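The data block below is protein.csv; it holds CSV, C-alpha atoms.
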```csv
chain,number,residue,atom,x,y,z
N,1,MET,CA,176.5,381.3,-36.6
N,2,ALA,CA,178.2,378.7,-34.5
N,3,LEU,CA,176.0,376.1,-32.9
N,4,PRO,CA,176.2,375.9,-29.1
N,5,ALA,CA,178.2,373.1,-27.8
N,6,LEU,CA,176.2,370.2,-26.5
N,7,LEU,CA,177.1,369.3,-22.9
N,8,LEU,CA,176.8,365.5,-22.5
N,9,PRO,CA,177.2,363.8,-19.2
N,10,PRO,CA,180.1,361.4,-18.9
N,11,LEU,CA,179.3,357.8,-19.8
N,12,LEU,CA,179.2,355.4,-17.0
N,13,LEU,CA,180.7,352.1,-17.8
N,14,LEU,CA,179.1,349.4,-15.7
N,15,THR,CA,180.9,346.2,-15.1
N,16,ILE,CA,178.5,343.3,-14.5
N,17,THR,CA,180.1,340.3,-12.9
N,18,ALA,CA,178.7,337.0,-14.1
N,19,PRO,CA,177.5,334.7,-11.3
N,20,PRO,CA,179.9,331.8,-10.6
N,21,PRO,CA,178.9,328.6,-12.4
N,22,VAL,CA,176.5,326.2,-10.7
N,23,SER,CA,176.5,322.7,-11.8
N,24,GLY,CA,173.3,321.2,-13.2
N,25,GLU,CA,175.0,318.5,-15.2
N,26,SER,CA,175.7,314.9,-14.9
N,27,CYS,CA,178.9,313.1,-15.9
N,28,GLY,CA,177.4,309.7,-16.5
N,29,SER,CA,177.2,306.7,-14.4
N,30,GLY,CA,180.3,305.8,-12.4
N,31,GLN,CA,182.3,308.7,-14.0
N,32,GLY,CA,181.6,311.9,-12.0
N,33,TRP,CA,182.8,312.7,-8.5
N,34,ALA,CA,181.1,314.9,-5.9
N,35,VAL,CA,183.6,316.5,-3.5
N,36,ARG,CA,183.5,318.7,-0.5
N,37,LEU,CA,186.4,321.1,-0.3
N,38,SER,CA,187.8,323.2,2.6
N,39,LEU,CA,190.7,325.5,3.3
N,40,GLY,CA,189.9,325.9,6.9
N,41,GLY,CA,186.8,328.0,6.7
N,42,GLY,CA,185.8,331.5,5.7
N,43,GLU,CA,186.8,331.3,2.0
N,44,ASP,CA,184.8,333.3,-0.5
N,45,ARG,CA,183.2,331.7,-3.6
N,46,ALA,CA,185.9,332.7,-6.0
N,47,THR,CA,188.6,331.1,-3.9
N,48,MET,CA,186.6,327.9,-3.7
N,49,ASP,CA,185.9,327.8,-7.4
N,50,GLU,CA,189.7,328.2,-8.1
N,51,LEU,CA,190.4,325.5,-5.6
N,52,ALA,CA,188.0,323.2,-7.3
N,53,LEU,CA,189.8,323.8,-10.6
N,54,ARG,CA,193.1,322.8,-9.1
N,55,VAL,CA,191.8,319.7,-7.3
N,56,ALA,CA,190.1,318.6,-10.5
N,57,ALA,CA,193.3,319.1,-12.5
N,58,ASP,CA,195.3,317.1,-10.0
N,59,ALA,CA,192.9,314.2,-10.3
N,60,GLY,CA,192.7,314.3,-14.1
N,61,LEU,CA,189.2,315.7,-14.0
N,62,GLU,CA,187.3,318.9,-14.9
N,63,SER,CA,185.3,321.0,-12.4
N,64,ARG,CA,181.7,321.7,-13.5
N,65,GLY,CA,181.1,324.1,-10.7
N,66,GLN,CA,179.4,324.2,-7.4
N,67,ILE,CA,176.6,321.6,-6.9
N,68,GLY,CA,173.5,323.7,-6.6
N,69,GLN,CA,173.6,326.0,-3.6
N,70,LEU,CA,175.7,323.5,-1.5
N,71,GLU,CA,178.7,325.7,-0.5
N,72,GLY,CA,182.0,323.9,-0.9
N,73,HIS,CA,180.5,321.0,-2.8
N,74,TYR,CA,181.7,320.6,-6.4
N,75,LEU,CA,181.0,318.2,-9.3
N,76,LEU,CA,184.2,316.9,-11.1
N,77,CYS,CA,183.9,315.1,-14.4
N,78,PRO,CA,186.4,313.2,-16.6
N,79,GLY,CA,188.9,315.5,-18.3
N,80,THR,CA,191.4,315.1,-21.1
N,81,TRP,CA,192.8,312.0,-19.7
N,82,ALA,CA,191.1,309.0,-18.2
N,83,GLY,CA,191.9,309.7,-14.6
N,84,GLN,CA,191.9,306.1,-13.4
N,85,GLY,CA,193.6,307.2,-10.2
N,86,ALA,CA,191.0,309.9,-9.4
N,87,ALA,CA,189.9,308.1,-6.2
N,88,HIS,CA,193.4,307.8,-5.0
N,89,VAL,CA,194.2,311.5,-5.6
N,90,LEU,CA,191.0,312.6,-4.0
N,91,SER,CA,191.5,310.4,-0.9
N,92,LYS,CA,195.0,311.9,-0.4
N,93,HIS,CA,194.3,315.5,-1.3
N,94,PRO,CA,194.5,317.8,1.8
N,95,THR,CA,191.6,320.1,0.8
N,96,VAL,CA,189.2,317.2,0.0
N,97,THR,CA,187.1,316.5,3.2
N,98,TRP,CA,184.7,314.1,1.4
N,99,TYR,CA,184.2,312.6,-2.0
N,100,SER,CA,181.8,310.2,-3.7
N,101,GLN,CA,181.7,308.6,-7.1
N,102,GLN,CA,178.3,309.4,-8.7
N,103,GLN,CA,176.0,306.5,-9.7
N,104,LEU,CA,172.7,306.4,-11.4
N,105,LEU,CA,169.8,306.2,-8.9
N,106,ARG,CA,166.6,304.3,-9.4
N,107,ARG,CA,163.6,306.4,-8.7
N,108,ALA,CA,159.9,305.7,-9.5
N,109,LYS,CA,157.3,308.3,-10.0
N,110,ARG,CA,154.5,308.0,-7.5
N,111,GLY,CA,151.2,307.0,-9.1
N,112,LEU,CA,148.4,304.5,-9.2
N,113,ALA,CA,148.5,301.6,-11.7
N,114,PHE,CA,146.4,298.5,-11.1
N,115,ASN,CA,146.3,295.4,-13.3
N,116,ASP,CA,142.9,294.2,-11.9
N,117,PRO,CA,140.6,293.8,-14.9
N,118,LYS,CA,137.5,295.3,-13.2
N,119,TYR,CA,139.2,298.4,-11.9
N,120,PRO,CA,138.6,300.5,-15.0
N,121,LYS,CA,134.9,299.9,-14.4
N,122,GLN,CA,134.9,301.0,-10.8
N,123,TRP,CA,133.6,304.5,-11.5
N,124,HIS,CA,132.8,305.1,-7.9
N,125,LEU,CA,136.6,305.0,-7.1
N,126,HIS,CA,137.8,307.0,-10.2
N,127,ASN,CA,135.4,308.3,-12.7
N,128,LYS,CA,137.2,309.4,-15.9
N,129,ALA,CA,134.0,309.8,-17.9
N,130,LYS,CA,132.5,312.3,-15.5
N,131,VAL,CA,135.3,313.9,-13.5
N,132,GLY,CA,134.3,314.5,-9.9
N,133,MET,CA,131.5,311.9,-9.9
N,134,ASP,CA,133.4,309.5,-7.5
N,135,ILE,CA,134.4,309.4,-3.9
N,136,ASN,CA,137.7,311.1,-4.5
N,137,VAL,CA,139.8,308.4,-2.9
N,138,THR,CA,142.8,308.1,-5.3
N,139,GLY,CA,144.5,311.1,-3.8
N,140,VAL,CA,144.3,309.5,-0.4
N,141,TRP,CA,145.9,306.3,-1.8
N,142,GLU,CA,148.7,308.3,-3.3
N,143,ARG,CA,149.5,309.5,0.3
N,144,ASN,CA,149.8,305.8,1.2
N,145,VAL,CA,146.6,305.9,3.2
N,146,THR,CA,145.0,302.6,2.3
N,147,GLY,CA,143.5,301.3,5.5
N,148,SER,CA,146.7,299.6,6.8
N,149,GLY,CA,146.4,298.7,10.5
N,150,VAL,CA,142.6,298.6,10.4
N,151,THR,CA,140.4,295.5,10.5
N,152,VAL,CA,136.9,295.8,9.0
N,153,VAL,CA,134.4,293.0,9.9
N,154,VAL,CA,131.5,292.4,7.5
N,155,VAL,CA,128.4,291.4,9.5
N,156,ASP,CA,126.3,289.6,6.8
N,157,ASP,CA,125.6,286.2,5.2
N,158,GLY,CA,129.2,285.2,5.3
N,159,VAL,CA,132.5,285.9,3.5
N,160,GLN,CA,134.0,283.6,0.9
N,161,HIS,CA,137.5,284.2,2.2
N,162,THR,CA,139.3,281.8,-0.1
N,163,LEU,CA,138.8,284.1,-3.1
N,164,GLN,CA,142.0,285.4,-4.6
N,165,ASP,CA,140.9,289.0,-4.0
N,166,ILE,CA,140.0,288.5,-0.3
N,167,GLN,CA,142.4,285.8,1.0
N,168,PRO,CA,145.5,288.1,1.2
N,169,ASN,CA,143.6,290.5,3.6
N,170,TYR,CA,141.4,288.0,5.4
N,171,SER,CA,141.4,288.1,9.2
N,172,PRO,CA,140.3,284.7,10.7
N,173,GLU,CA,140.9,286.2,14.2
N,174,GLY,CA,138.1,288.6,13.7
N,175,SER,CA,135.6,286.2,12.1
N,176,TYR,CA,132.9,283.9,13.3
N,177,ASP,CA,129.8,282.0,12.1
N,178,LEU,CA,126.9,282.7,14.4
N,179,ASN,CA,124.5,280.6,12.3
N,180,SER,CA,126.5,277.4,12.6
N,181,ASN,CA,128.4,278.4,15.8
N,182,ASP,CA,131.9,277.8,14.5
N,183,PRO,CA,134.9,280.1,13.6
N,184,ASP,CA,134.5,279.9,9.8
N,185,PRO,CA,132.2,282.4,8.2
N,186,MET,CA,132.2,280.7,4.8
N,187,PRO,CA,128.8,281.2,3.1
N,188,HIS,CA,126.6,278.1,2.8
N,189,PRO,CA,125.1,277.7,-0.7
N,190,ASP,CA,121.3,277.8,-0.8
N,191,ALA,CA,118.7,276.9,-3.5
N,192,HIS,CA,118.8,280.4,-4.9
N,193,SER,CA,122.6,280.8,-4.8
N,194,ASP,CA,121.8,283.9,-2.8
N,195,ASN,CA,124.5,283.9,-0.1
N,196,HIS,CA,127.1,286.2,-1.7
N,197,HIS,CA,126.2,289.6,-0.4
N,198,GLY,CA,128.8,289.6,2.4
N,199,THR,CA,131.5,288.5,0.0
N,200,ARG,CA,130.8,291.3,-2.3
N,201,CYS,CA,130.9,293.8,0.5
N,202,ALA,CA,134.2,292.4,1.7
N,203,GLY,CA,135.6,292.8,-1.7
N,204,GLU,CA,134.4,296.3,-2.1
N,205,ILE,CA,136.2,297.1,1.2
N,206,ALA,CA,139.5,295.3,1.0
N,207,ALA,CA,140.0,293.5,-2.3
N,208,ALA,CA,143.7,293.0,-2.9
N,209,PRO,CA,145.2,295.1,-5.7
N,210,ASN,CA,147.5,294.1,-8.6
N,211,ASN,CA,146.8,290.4,-8.6
N,212,SER,CA,145.2,290.4,-12.1
N,213,PHE,CA,141.9,289.4,-10.6
N,214,CYS,CA,138.6,291.2,-10.4
N,215,ALA,CA,138.7,294.6,-8.7
N,216,VAL,CA,140.3,296.9,-6.1
N,217,GLY,CA,139.0,297.5,-2.6
N,218,VAL,CA,138.4,301.1,-1.4
N,219,ALA,CA,140.7,300.3,1.6
N,220,TYR,CA,142.8,297.7,0.0
N,221,GLY,CA,145.5,297.9,2.7
N,222,SER,CA,143.0,296.9,5.5
N,223,ARG,CA,142.2,293.5,6.8
N,224,VAL,CA,138.7,292.1,6.5
N,225,ALA,CA,136.8,289.7,8.7
N,226,GLY,CA,133.4,288.1,8.4
N,227,ILE,CA,130.5,287.5,10.9
N,228,ARG,CA,128.0,285.1,9.4
N,229,VAL,CA,124.6,285.9,10.9
N,230,LEU,CA,122.1,286.5,8.1
N,231,ASP,CA,121.9,283.0,6.8
N,232,GLY,CA,119.2,281.8,9.2
N,233,PRO,CA,116.7,283.0,11.8
N,234,LEU,CA,117.9,286.2,13.4
N,235,THR,CA,117.0,287.3,16.9
N,236,ASP,CA,117.8,290.4,18.9
N,237,SER,CA,120.3,288.5,21.0
N,238,MET,CA,122.2,287.2,17.9
N,239,GLU,CA,122.2,290.7,16.4
N,240,ALA,CA,123.6,292.1,19.7
N,241,ILE,CA,126.4,289.5,19.7
N,242,ALA,CA,127.3,290.2,16.1
N,243,PHE,CA,127.6,293.9,16.7
N,244,ASN,CA,130.7,293.5,18.9
N,245,LYS,CA,132.0,289.9,18.2
N,246,HIS,CA,135.8,289.8,18.5
N,247,TYR,CA,135.9,293.5,19.3
N,248,GLN,CA,139.5,293.0,20.5
N,249,VAL,CA,140.4,292.5,16.8
N,250,ASN,CA,137.8,294.4,14.7
N,251,ASP,CA,137.9,298.2,14.4
N,252,VAL,CA,134.9,298.8,12.1
N,253,TYR,CA,131.7,296.8,11.8
N,254,SER,CA,130.1,297.0,8.4
N,255,CYS,CA,126.4,296.1,8.3
N,256,SER,CA,125.1,296.7,4.8
N,257,TRP,CA,121.6,295.5,5.6
N,258,GLY,CA,118.5,296.4,7.6
N,259,PRO,CA,114.8,295.7,8.1
N,260,ASP,CA,112.5,295.1,5.1
N,261,ASP,CA,112.4,298.2,2.9
N,262,ASP,CA,108.7,297.9,1.9
N,263,GLY,CA,107.8,301.5,2.4
N,264,ARG,CA,105.8,300.8,5.5
N,265,THR,CA,108.3,299.2,7.9
N,266,VAL,CA,110.3,301.4,10.2
N,267,ASP,CA,112.6,299.3,12.3
N,268,GLY,CA,116.2,299.3,13.7
N,269,PRO,CA,118.2,297.6,16.4
N,270,HIS,CA,116.1,296.2,19.2
N,271,PRO,CA,116.9,296.6,22.9
N,272,LEU,CA,119.8,294.2,23.2
N,273,GLY,CA,121.3,295.4,20.0
N,274,LYS,CA,121.1,299.0,21.1
N,275,VAL,CA,122.8,298.1,24.4
N,276,ARG,CA,125.6,296.3,22.7
N,277,VAL,CA,126.3,299.2,20.4
N,278,ARG,CA,126.4,301.6,23.4
N,279,LEU,CA,128.7,299.3,25.4
N,280,THR,CA,131.1,298.4,22.6
N,281,PRO,CA,134.5,299.0,24.2
N,282,PRO,CA,137.0,301.4,22.5
N,283,THR,CA,139.8,300.3,20.3
N,284,PRO,CA,143.3,299.8,21.8
N,285,ASN,CA,144.2,303.3,20.7
N,286,GLY,CA,141.3,304.8,22.7
N,287,GLN,CA,139.1,305.6,19.7
N,288,GLY,CA,135.5,304.6,19.5
N,289,ARG,CA,134.6,301.7,17.2
N,290,ALA,CA,132.5,302.3,14.2
N,291,VAL,CA,129.3,300.3,13.6
N,292,GLY,CA,127.8,301.2,10.2
N,293,ALA,CA,124.4,300.1,9.1
N,294,GLN,CA,123.6,300.9,5.5
N,295,ARG,CA,120.6,300.1,3.3
N,296,ALA,CA,121.7,302.0,0.2
N,297,VAL,CA,123.1,300.0,-2.7
N,298,ARG,CA,126.8,300.2,-2.8
N,299,PRO,CA,128.4,301.8,-6.0
N,300,GLY,CA,129.5,299.0,-8.3
N,301,GLU,CA,127.6,296.3,-6.4
N,302,GLY,CA,126.7,293.4,-8.7
N,303,SER,CA,130.0,293.4,-10.6
N,304,GLY,CA,133.2,291.5,-10.0
```
Go ahead and express the file in the form of structure tokens.
Amino acid sequence: MALPALLLPPLLLLTITAPPPVSGESCGSGQGWAVRLSLGGGEDRATMDELALRVAADAGLESRGQIGQLEGHYLLCPGTWAGQGAAHVLSKHPTVTWYSQQQLLRRAKRGLAFNDPKYPKQWHLHNKAKVGMDINVTGVWERNVTGSGVTVVVVDDGVQHTLQDIQPNYSPEGSYDLNSNDPDPMPHPDAHSDNHHGTRCAGEIAAAPNNSFCAVGVAYGSRVAGIRVLDGPLTDSMEAIAFNKHYQVNDVYSCSWGPDDDGRTVDGPHPLGKVRVRLTPPTPNGQGRAVGAQRAVRPGEGSG
């Protein structure tokens, strides 16, 4: 008994056209050429690829294909002969509208690297031991937000502005000594060597980076000034003056001090001090000025 014939559908032969080459290569420093080709407009990709081959051959080069998705732009690399006259040929070729010899470019990866010896210990800025237990500031620095254009004045017992970490960012225009009534807020040594608090605060704010000295300030691009007022008798009127001294220069007033913290005393600015804070004029850009009074211990204080 004969088996029935099997009826098979005709085979369809599919022709898959490979995409035209796209260059992802480099010819080496000073050897490759990038060119823009044109025949007047409206040419398809195959025509342009063929044109690139002809132009490359005329210049003693080889076409490596279109440069990425830049239509009409091709990378030409050295061919079988040296092609010393490539620039001359490309400059005279009627279909070459632009050409450029490729050179190595210097590019640096964006990142943070400080040579200040105390920086690895500034856990409040970057905590590698306990990730997340810091103020999350490094990402802001990477966006080039470092306090540039802002002046912070430390109202305290003075600022030792000659220190290597503070001097580059020191603002004498925003500084004053209310205890001695002169423009220099340099701390005066006492019997207990106790007048260094303002200097520490200034460093924590604006210590200059990458000078192989001490640490890095949280706003190391800012300028820092000093108002010396805590190294002597303090009255309501002196405190009021300190809160907006040189307001034409200073943007932020840092006051890391307060009344006695003995568990029983509740105190704050007195009438004149309150009035001065309320009447502090805005900054030149129309923003209100910041006056910060803090009694908490700053992270990292005592080091440096």
message: Given only C-alpha atoms as the basis, pick out the residue of N:Gln31, N:Asn181, N:Asn127, N:Ser38 nearest to Ala87 of chain N.
response: N:Gln31
message: Using all atoms listed in the file for the distances, tell me which of N:Ile241, N:Ile227, N:Met133, N:Leu234 is nearest to Pro183 of chain N.
response: N:Ile227
- request: Between atom CA of Gly68 of chain N and atom CA of Arg107 of chain N, measure the distance and give it in Å to one decimal.
  value: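 Spanning atom CA of Gly68 of chain N to atom CA of Arg107 of chain N is a straight-line distance of 20.0 Å.
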- prompt: In Å to one decimal, how far is atom CA of Gly221 of chain N from atom CA of Asp157 of chain N?
  reply: 23.2 Å
message: So, with only C-alpha atoms as the atoms that count, which of N:Glu173, N:Asp231, N:Asp49, N:Glu204 lies closest to Asp190 of chain N?
response: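 Using only C-alpha atoms, Asp190 of chain N sits closest to N:Asp231.
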task: In Å, rounded to a single decimal, give me how far atom CA of Tyr220 of chain N is from atom CA of Met186 of chain N.
output: 20.6 Å
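Between Val159 of chain N and the candidates N:Glu239, N:Asp262, N:Asp116, N:Asp177, the tightest atom-to-atom separation, counting only C-alpha atoms, involves N:Asp177.
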- request: Compile the contact shell of Phe114 of chain N as a PyMOL selection string: residues with an atom at most 8 Å away, counting only C-alpha atoms, same-chain residues fewer than 3 positions apart removed.
  value: chain N and resi 119+209-210
Could you turn the residues from that selection into a file that holds C-alpha atoms, as a compact mmCIF listing (two decimals), in the coordinates of the input?
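Just written: selection_28.txt:
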```
# COMPACT_ATOMS: atom_id res chain seq x y z
CA TYR N 119 139.20 298.40 -11.90
CA PRO N 209 145.20 295.10 -5.70
CA ASN N 210 147.50 294.10 -8.60
```
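If you measure from each of N:His88, N:Arg143, N:Arg36, N:Lys121 to Val216 of chain N using only C-alpha atoms, the closest one turns out to be N:Lys121.
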query: Looking at N:Leu76, N:Cys214, N:Ala129, N:Ala219, which one is nearest to Asn144 of chain N, with distances taken over all atoms listed in the file?
result: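 Smallest separation from Asn144 of chain N among the options: N:Ala219.
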Taking all atoms of segment 48-65 of chain N that appear in the file, build a box with edges along x, y and z, extend it by 4 Å on every side, and state its centre and edge lengths in Å to one decimal, as AutoDock Vina command-line options.
```
--center_x 188.2 --center_y 321.2 --center_z -9.3 --size_x 22.2 --size_y 22.0 --size_z 19.2
```
- request: With a distance cut-off of 9 Å and all atoms listed in the file, select the neighbouring residues of segment 195-199 of chain N, excluding the residue or stretch itself and same-chain residues fewer than 2 positions from it, and output the selection as an MDAnalysis selection string.
  value: chainID N and resid 154:161 166 187:190 192:193 201:204 226:228 230:231 256
Would it be fine to have segment 121-147 of chain N, with N, CA, C and O atoms, given as a JSON list (two decimals), in the first residue's frame?
```
[["chain", "number", "residue", "atom", "x", "y", "z"],
["N", 121, "LYS", "N", 39.41, 60.26, 59.68],
["N", 121, "LYS", "CA", 38.79, 60.14, 61.00],
["N", 121, "LYS", "C", 37.53, 61.00, 61.13],
["N", 121, "LYS", "O", 36.88, 60.96, 62.19],
["N", 122, "GLN", "N", 37.20, 61.78, 60.12],
["N", 122, "GLN", "CA", 36.01, 62.64, 60.19],
["N", 122, "GLN", "C", 34.77, 61.83, 59.83],
["N", 122, "GLN", "O", 34.17, 61.99, 58.78],
["N", 123, "TRP", "N", 34.38, 60.96, 60.76],
["N", 123, "TRP", "CA", 33.29, 60.03, 60.51],
["N", 123, "TRP", "C", 31.97, 60.73, 60.25],
["N", 123, "TRP", "O", 31.08, 60.19, 59.60],
["N", 124, "HIS", "N", 31.84, 61.97, 60.75],
["N", 124, "HIS", "CA", 30.58, 62.68, 60.56],
["N", 124, "HIS", "C", 30.42, 63.14, 59.12],
["N", 124, "HIS", "O", 29.31, 63.44, 58.67],
["N", 125, "LEU", "N", 31.53, 63.21, 58.36],
["N", 125, "LEU", "CA", 31.45, 63.58, 56.94],
["N", 125, "LEU", "C", 31.32, 62.36, 56.04],
["N", 125, "LEU", "O", 30.59, 62.39, 55.05],
["N", 126, "HIS", "N", 32.04, 61.32, 56.35],
["N", 126, "HIS", "CA", 31.94, 60.07, 55.58],
["N", 126, "HIS", "C", 32.26, 58.92, 56.52],
["N", 126, "HIS", "O", 33.38, 58.81, 57.02],
["N", 127, "ASN", "N", 31.31, 58.10, 56.77],
["N", 127, "ASN", "CA", 31.47, 57.01, 57.73],
["N", 127, "ASN", "C", 31.53, 55.68, 56.97],
["N", 127, "ASN", "O", 30.51, 55.15, 56.54],
["N", 128, "LYS", "N", 32.73, 55.17, 56.79],
["N", 128, "LYS", "CA", 32.89, 53.89, 56.09],
["N", 128, "LYS", "C", 32.66, 52.71, 57.02],
["N", 128, "LYS", "O", 32.31, 51.62, 56.56],
["N", 129, "ALA", "N", 32.86, 52.91, 58.31],
["N", 129, "ALA", "CA", 32.66, 51.82, 59.26],
["N", 129, "ALA", "C", 31.18, 51.52, 59.45],
["N", 129, "ALA", "O", 30.77, 50.35, 59.47],
["N", 130, "LYS", "N", 30.35, 52.56, 59.55],
["N", 130, "LYS", "CA", 28.90, 52.40, 59.69],
["N", 130, "LYS", "C", 28.24, 53.27, 58.62],
["N", 130, "LYS", "O", 27.97, 54.44, 58.84],
["N", 131, "VAL", "N", 28.02, 52.66, 57.48],
["N", 131, "VAL", "CA", 27.48, 53.39, 56.34],
["N", 131, "VAL", "C", 26.13, 54.01, 56.69],
["N", 131, "VAL", "O", 25.26, 53.35, 57.25],
["N", 132, "GLY", "N", 25.99, 55.28, 56.39],
["N", 132, "GLY", "CA", 24.75, 55.99, 56.67],
["N", 132, "GLY", "C", 24.81, 56.79, 57.95],
["N", 132, "GLY", "O", 23.98, 57.68, 58.16],
["N", 133, "MET", "N", 25.80, 56.52, 58.80],
["N", 133, "MET", "CA", 25.92, 57.25, 60.06],
["N", 133, "MET", "C", 26.81, 58.47, 59.85],
["N", 133, "MET", "O", 27.86, 58.62, 60.48],
["N", 134, "ASP", "N", 26.42, 59.34, 58.93],
["N", 134, "ASP", "CA", 27.13, 60.59, 58.69],
["N", 134, "ASP", "C", 26.10, 61.59, 58.15],
["N", 134, "ASP", "O", 24.91, 61.29, 58.09],
["N", 135, "ILE", "N", 26.55, 62.77, 57.76],
["N", 135, "ILE", "CA", 25.61, 63.80, 57.31],
["N", 135, "ILE", "C", 25.37, 63.76, 55.80],
["N", 135, "ILE", "O", 24.72, 64.64, 55.27],
["N", 136, "ASN", "N", 25.94, 62.76, 55.13],
["N", 136, "ASN", "CA", 25.63, 62.53, 53.71],
["N", 136, "ASN", "C", 25.99, 63.74, 52.86],
["N", 136, "ASN", "O", 25.22, 64.18, 52.01],
["N", 137, "VAL", "N", 27.20, 64.28, 53.05],
["N", 137, "VAL", "CA", 27.59, 65.51, 52.37],
["N", 137, "VAL", "C", 28.45, 65.24, 51.13],
["N", 137, "VAL", "O", 28.56, 66.10, 50.25],
["N", 138, "THR", "N", 29.07, 64.08, 51.03],
["N", 138, "THR", "CA", 30.01, 63.84, 49.94],
["N", 138, "THR", "C", 29.33, 63.90, 48.57],
["N", 138, "THR", "O", 29.93, 64.35, 47.59],
["N", 139, "GLY", "N", 28.09, 63.47, 48.48],
["N", 139, "GLY", "CA", 27.37, 63.56, 47.21],
["N", 139, "GLY", "C", 27.14, 65.00, 46.78],
["N", 139, "GLY", "O", 27.14, 65.31, 45.58],
["N", 140, "VAL", "N", 26.98, 65.89, 47.75],
["N", 140, "VAL", "CA", 26.83, 67.31, 47.45],
["N", 140, "VAL", "C", 28.15, 67.87, 46.93],
["N", 140, "VAL", "O", 28.18, 68.64, 45.97],
["N", 141, "TRP", "N", 29.24, 67.49, 47.57],
["N", 141, "TRP", "CA", 30.56, 67.93, 47.11],
["N", 141, "TRP", "C", 30.80, 67.50, 45.66],
["N", 141, "TRP", "O", 31.36, 68.25, 44.87],
["N", 142, "GLU", "N", 30.42, 66.27, 45.34],
["N", 142, "GLU", "CA", 30.64, 65.76, 43.99],
["N", 142, "GLU", "C", 29.89, 66.57, 42.94],
["N", 142, "GLU", "O", 30.24, 66.54, 41.77],
["N", 143, "ARG", "N", 28.86, 67.27, 43.36],
["N", 143, "ARG", "CA", 28.12, 68.17, 42.45],
["N", 143, "ARG", "C", 28.67, 69.59, 42.51],
["N", 143, "ARG", "O", 28.04, 70.53, 42.04],
["N", 144, "ASN", "N", 29.85, 69.72, 43.11],
["N", 144, "ASN", "CA", 30.56, 71.00, 43.20],
["N", 144, "ASN", "C", 29.82, 72.02, 44.04],
["N", 144, "ASN", "O", 29.91, 73.24, 43.82],
["N", 145, "VAL", "N", 29.05, 71.55, 45.01],
["N", 145, "VAL", "CA", 28.40, 72.42, 45.98],
["N", 145, "VAL", "C", 29.24, 72.35, 47.25],
["N", 145, "VAL", "O", 29.15, 71.39, 48.02],
["N", 146, "THR", "N", 30.08, 73.36, 47.46],
["N", 146, "THR", "CA", 31.02, 73.34, 48.58],
["N", 146, "THR", "C", 30.96, 74.60, 49.43],
["N", 146, "THR", "O", 31.82, 74.81, 50.28],
["N", 147, "GLY", "N", 29.95, 75.44, 49.21],
["N", 147, "GLY", "CA", 29.84, 76.68, 49.96],
["N", 147, "GLY", "C", 30.43, 77.88, 49.26],
["N", 147, "GLY", "O", 30.49, 78.97, 49.83]]
```
